[in-house]
Amino acid sequence: MALVDVSRLPQHVAIIMDGNGRWAQSRGKPRTAGHERGADAVRAIMRAARRLGIPTLTLYAFSEQNWDRPRAEINALVDLLCDCLVSERDELIDNEIRLNAIGRLHKLPTRAQSKLHALMDATASFGGMTMTLALSYGGREELVDAARVLARRVREGSLEPDEIDQAALEASLPSMDCGPVDLLIRTGGEQRISNFLLWGSAYAEFYFTDELWPDFSANSLYCAIRAYQERERRFGLVPGAQHAAATNESRDELERAI
Ligand code: FPP
């Protein structure tokens, strides 16, 4: 088992859960069977992250682009989401996990939206860990939505164009409510970001693994964190000089990111 230094945990772990389809197909099963096993892996990783003391976990559960998948697969994923939002209720409550969601949630079927909001409401006061599901999410779409929010404020006269800075844009990005990503994990062998958390992962450490998502275990998570802890994060500065050389702005970023 990989040894993790719990005093230097990434504060925000984000995961691109890829490989469900291949996991199923390699066993001669329908892709939906892979998603079902993927949901088991979600439960295992949620537990492991909570046990370790990771404050924020964000999971890419359904992208904007996933709407172009076959209707039967989309329906199966929505059904699975609905089932999990009911079956995991006690687990979240017992472990004081706050459920959060980002993305164009209004595009989800009403039954999924209502279950999602019910569980978000039921867990809203918890501080053990925040688990965010990215649903109907796209990083570019989120930036477009933020630009529209700011443009409307300029039109209404409550914001000057010159007042649009990184802080103003960030304040309009729901994905930044939980702060920047420290560790971004992608399973399934591909090495790309696929429109996930584009702003928040600007200084994230990336960890790619060939493991398919249904095979990703608590020990896999420990290995990813261990790899993260072996890296030096420089945020564009020189080695070993982060704190001494940091400007106020970058120091703020460091403090949030470390
Ligand atoms: C990518 O694998 C995975 C998805 C598009 C869906 C993720 C869903 C789950 C992990 C299960 C349910 C989750 C929750 C939160 C209830 P893929 O299908 O693209 O795999 P492939 O690349 O092998 O085809």
# chains A, B, ... in the order shown; residues from 1 in each chain; ligands from 1

$ residues_near_ligand --ligand "ligand 1" --cutoff "8 Å" --atoms "only C-alpha atoms and all ligand atoms" --output "ChimeraX atom specification"
/A:16-24,31,34-42,59-63,66,77,80-85,133,188,212-214

$ residues_around --residues "segment 102-117 of chain A" --least-positions-apart "3" --cutoff "8 Å" --atoms "only C-alpha atoms" --output "list in words"
Glu64, Val78, Leu81, Cys82, Leu85, Val86, Met120, Asp121, Thr132, Leu133, Ala134, Leu135, Ser136, Tyr137, Gly138, Glu142, Pro174 and Ser175 of chain A

$ closest_residue --among "A:Ala122, A:Leu221, A:Leu99, A:Leu198" --to "Arg51 of chain A" --atoms "only C-alpha atoms"
A:Leu221

$ closest_residue --among "A:Ile74, A:Ala171, A:Ala224, A:Val4" --to "Ile185 of chain A" --atoms "only C-alpha atoms"
A:Ala224

$ atom_distance --atom1 "atom CA of Leu57 of chain A" --atom2 "atom CA of Val13 of chain A"
5.0 Å

$ closest_residue --among "A:Asn195, A:Thr32, A:Thr209, A:Gln229" --to "Gln65 of chain A" --atoms "only C-alpha atoms"
A:Asn195

$ select_by_dssp --residues "segment 88-256 of chain A" --states "strand (DSSP E or B)" --output "MDAnalysis selection string"
chainID A and resid 97:102 129:137 183:186 205:208

$ select_by_dssp --residues "segment 6-189 of chain A" --states "alpha helix (DSSP H)" --output "ChimeraX atom specification"
/A:20-25,31-52,71-87,89-94,110-123,139-156,166-171

$ closest_residue --among "A:Phe235, A:Ser220, A:Asp94, A:Leu119" --to "Ala44 of chain A" --atoms "only C-alpha atoms"
A:Ser220

$ residues_around --residues "Ala151 of chain A" --least-positions-apart "5" --cutoff "10 Å" --atoms "only C-alpha atoms" --output "PDB file with N, CA, C and O atoms, in the first residue's frame"
ATOM      1  N   ASP A 145     -20.582  30.890 -19.793  1.00  0.00           N
ATOM      2  CA  ASP A 145     -21.660  31.322 -18.879  1.00  0.00           C
ATOM      3  C   ASP A 145     -21.171  32.457 -17.971  1.00  0.00           C
ATOM      4  O   ASP A 145     -21.909  33.413 -17.706  1.00  0.00           O
ATOM      5  N   ALA A 146     -19.933  32.361 -17.497  1.00  0.00           N
ATOM      6  CA  ALA A 146     -19.376  33.413 -16.624  1.00  0.00           C
ATOM      7  C   ALA A 146     -19.241  34.724 -17.403  1.00  0.00           C
ATOM      8  O   ALA A 146     -19.543  35.803 -16.877  1.00  0.00           O
ATOM      9  N   GLU A 156     -25.907  46.401 -17.050  1.00  0.00           N
ATOM     10  CA  GLU A 156     -26.755  46.997 -15.999  1.00  0.00           C
ATOM     11  C   GLU A 156     -26.069  48.168 -15.299  1.00  0.00           C
ATOM     12  O   GLU A 156     -26.699  48.900 -14.553  1.00  0.00           O
ATOM     13  N   GLY A 157     -24.763  48.303 -15.496  1.00  0.00           N
ATOM     14  CA  GLY A 157     -24.029  49.409 -14.884  1.00  0.00           C
ATOM     15  C   GLY A 157     -23.437  49.077 -13.525  1.00  0.00           C
ATOM     16  O   GLY A 157     -22.896  49.960 -12.851  1.00  0.00           O
ATOM     17  N   LEU A 159     -20.944  47.006 -13.023  1.00  0.00           N
ATOM     18  CA  LEU A 159     -19.543  46.585 -13.181  1.00  0.00           C
ATOM     19  C   LEU A 159     -18.928  47.353 -14.346  1.00  0.00           C
ATOM     20  O   LEU A 159     -19.549  47.488 -15.406  1.00  0.00           O
ATOM     21  N   GLU A 160     -17.722  47.878 -14.113  1.00  0.00           N
ATOM     22  CA  GLU A 160     -16.970  48.549 -15.184  1.00  0.00           C
ATOM     23  C   GLU A 160     -16.136  47.498 -15.913  1.00  0.00           C
ATOM     24  O   GLU A 160     -15.586  46.600 -15.262  1.00  0.00           O
ATOM     25  N   PRO A 161     -15.983  47.624 -17.233  1.00  0.00           N
ATOM     26  CA  PRO A 161     -15.154  46.635 -17.944  1.00  0.00           C
ATOM     27  C   PRO A 161     -13.767  46.476 -17.326  1.00  0.00           C
ATOM     28  O   PRO A 161     -13.250  45.362 -17.230  1.00  0.00           O
ATOM     29  N   ILE A 164     -13.134  43.985 -14.526  1.00  0.00           N
ATOM     30  CA  ILE A 164     -13.114  42.533 -14.782  1.00  0.00           C
ATOM     31  C   ILE A 164     -11.668  42.053 -14.685  1.00  0.00           C
ATOM     32  O   ILE A 164     -10.834  42.344 -15.538  1.00  0.00           O
TER      33      ILE A 164
END
